[in-house]
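J.: For reference, the structure I am asking about is given below.
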Amino acid sequence: MIFLVAAVIVVLLGAAWGWRSSSWVLAGEREPLTTTPRTFGFPFTDETFSSSDGTLLKGWFVPAVSFNDVTLVICHGWGANRSNILERTHFLRTRGNYNLFYFDFRNHGTSGEGKTSLSGNEIDDLEMALAHLRTTHPAESVRVGLYGMSMGGAVALWVAAHKTDVAAVAAESPYSAAGEAVIRYGRLFYRAPRWMSLVTLAFVRARLGFDPDDFAPVRVIDKISSRPLFLLQGDRDARTPPSEGQQLLDAAREPKSLWTLPGADHGELAERGGKEYQDRLSAFYDGAFRQGL
C-alpha cells in the first residue's frame, strides 16, 4: 500500500511539473516593445496579418532609403520581440539600402495568443509573413533574404530550406533541434536534470500534437544550397553552444560560412561585435544581392 501511494504521488508530481514546465515553453512571459523604427528616424507602416490557424500577427515594414526590390525579413528569438531585433539590425537599411520587415511571432510582442512550439507553429508564422509581404509590398519583395536570432534563426533555416524563392539566409545562434535546446535551457536556468526536461518535452508534444524535433533545421539545412548561408555564434554561448553551429555547418552544403565571435554569449554578437558584426552581416547580404543594387 505504501509503495502504491508513493507511486501515485510521484506520478502526480511528475504530471504537475510536466504541465507547469510545458506551459513555460508554450506561453512564456512577454517582453514589451521598447523601440520602433521611429526611434531611428525611419518611415514605416504597421502591418497586420494572420497565421494559417488564425493567430493575429503584428509587424513593421521599413522601406529602403531609395527604392529597392530586396526585403530582408528579420526574425526574433524566443522570449524576445521585433523591437529587440530591430535594435540589432536596423543598420541594414542605411548601410545596404534594404527594405526591412519585422514581425512578432505568436505569443510575443503584440501578436495574438497561440501555442509557442519553437518550431512548426513559428514556421507557419514566418511563411505567412512572407506571403503577406509579397502580397502587400510586391515591388519591394521581388527578392527576399532572411535573418533570424536563436529560435528565429532555426525557423529561418527551415523555411529557407523549403522555400526556394528565399535567396539568402543568415542565422545567429540557431539550435540544431528544439528538444536539446529545451533541455539545455532547463539545466541552465532551472537546474533541471535531463529527465525532468524530458518530462517537459513529453507534455509539450502532447499539448502541441506534434514533436518540435520533427522540424529540426539540422535535418534540412543541406537543401538551402546553392543559396548562400551564413551562421553566426558566440564562443561563450551556453544556451546554443558553438557545437550547435558546427553541427549545422557540417550538415550544410556550399556556399556556407560560420563566424564565431570570441567572448560573446547568447544574443551578444551585435553588442560585442560592433562594427565587425555590421560589416560581416552587410557583406553577406551585399554579396547575395549585389546584382541589381
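By order in the C-alpha cells, chains are A, B, ...; within a chain, residues start at 1; ligands start at 1, following the order shown.
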What's around Ser141 in chain A at 7 Å? Count only C-alpha atoms, leave out sequence neighbours fewer than 5 positions away in its own chain, and write the answer as a PDB file with C-alpha atoms, in the first residue's frame.
T.:
```pdb
ATOM      1  CA  ASP A  69      13.371  45.226 -54.744  1.00  0.00           C
ATOM      2  CA  VAL A  70      15.093  43.348 -51.905  1.00  0.00           C
ATOM      3  CA  THR A  71      13.474  42.893 -48.496  1.00  0.00           C
ATOM      4  CA  LEU A 133       4.926  40.710 -47.628  1.00  0.00           C
ATOM      5  CA  ARG A 134       4.699  39.610 -51.240  1.00  0.00           C
TER       6      ARG A 134
END
```
J.: Leaving out Ala167 in chain A and any residue of its chain fewer than 2 positions from it, which residues lie within 7 Å of it when counting only C-alpha atoms, given as a ChimeraX atom specification?
T.: /A:143-145,165,227
J.: Give me a file of those residues, with N, CA and C atoms, as a PDB file, in the first residue's frame.
T.:
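Just written: selection00.pdb:
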```pdb
ATOM      1  N   ARG A 143      12.899  40.063 -54.420  1.00  0.00           N
ATOM      2  CA  ARG A 143      13.929  39.202 -53.844  1.00  0.00           C
ATOM      3  C   ARG A 143      13.874  39.327 -52.327  1.00  0.00           C
ATOM      4  N   VAL A 144      14.049  38.187 -51.642  1.00  0.00           N
ATOM      5  CA  VAL A 144      13.887  38.161 -50.188  1.00  0.00           C
ATOM      6  C   VAL A 144      15.046  37.414 -49.548  1.00  0.00           C
ATOM      7  N   GLY A 145      15.546  37.975 -48.451  1.00  0.00           N
ATOM      8  CA  GLY A 145      16.529  37.301 -47.606  1.00  0.00           C
ATOM      9  C   GLY A 145      15.985  37.189 -46.192  1.00  0.00           C
ATOM     10  N   ASP A 165      12.410  30.439 -53.151  1.00  0.00           N
ATOM     11  CA  ASP A 165      12.428  31.858 -53.503  1.00  0.00           C
ATOM     12  C   ASP A 165      13.056  32.716 -52.416  1.00  0.00           C
ATOM     13  N   ARG A 227      22.027  28.417 -52.457  1.00  0.00           N
ATOM     14  CA  ARG A 227      21.872  29.788 -51.981  1.00  0.00           C
ATOM     15  C   ARG A 227      22.799  30.016 -50.782  1.00  0.00           C
TER      16      ARG A 227
END
```
J.: For Gly41 in chain A, which residue among A:Val62, A:Ser23, A:Leu157, A:Arg236 is the nearest when counting only C-alpha atoms?
T.: A:Val62
J.: As a VMD selection string, please: the residues near Asp279 in chain A (cut-off 10 Å, only C-alpha atoms, same-chain neighbours under 5 positions excluded).
T.: chain A and resid 92 95 273 to 274 284
J.: Got time to write the residues from that selection, C-alpha atoms, as a PDB file, in the first residue's frame?
T.:
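Result saved to selection-v2.pdb:
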```pdb
ATOM      1  CA  LEU A  92      20.931  47.133 -42.703  1.00  0.00           C
ATOM      2  CA  ARG A  95      24.226  50.560 -44.979  1.00  0.00           C
ATOM      3  CA  GLY A 273      30.920  42.534 -32.318  1.00  0.00           C
ATOM      4  CA  GLY A 274      30.126  46.165 -33.018  1.00  0.00           C
ATOM      5  CA  PHE A 284      26.932  38.724 -46.612  1.00  0.00           C
TER       6      PHE A 284
END
```
J.: Excluding same-chain residues fewer than 2 positions from Leu248 in chain A, what lies within 10 Å of it counting only C-alpha atoms, as a ChimeraX atom specification?
T.: /A:157,174-177,217-222,231,243-246,250-253,258
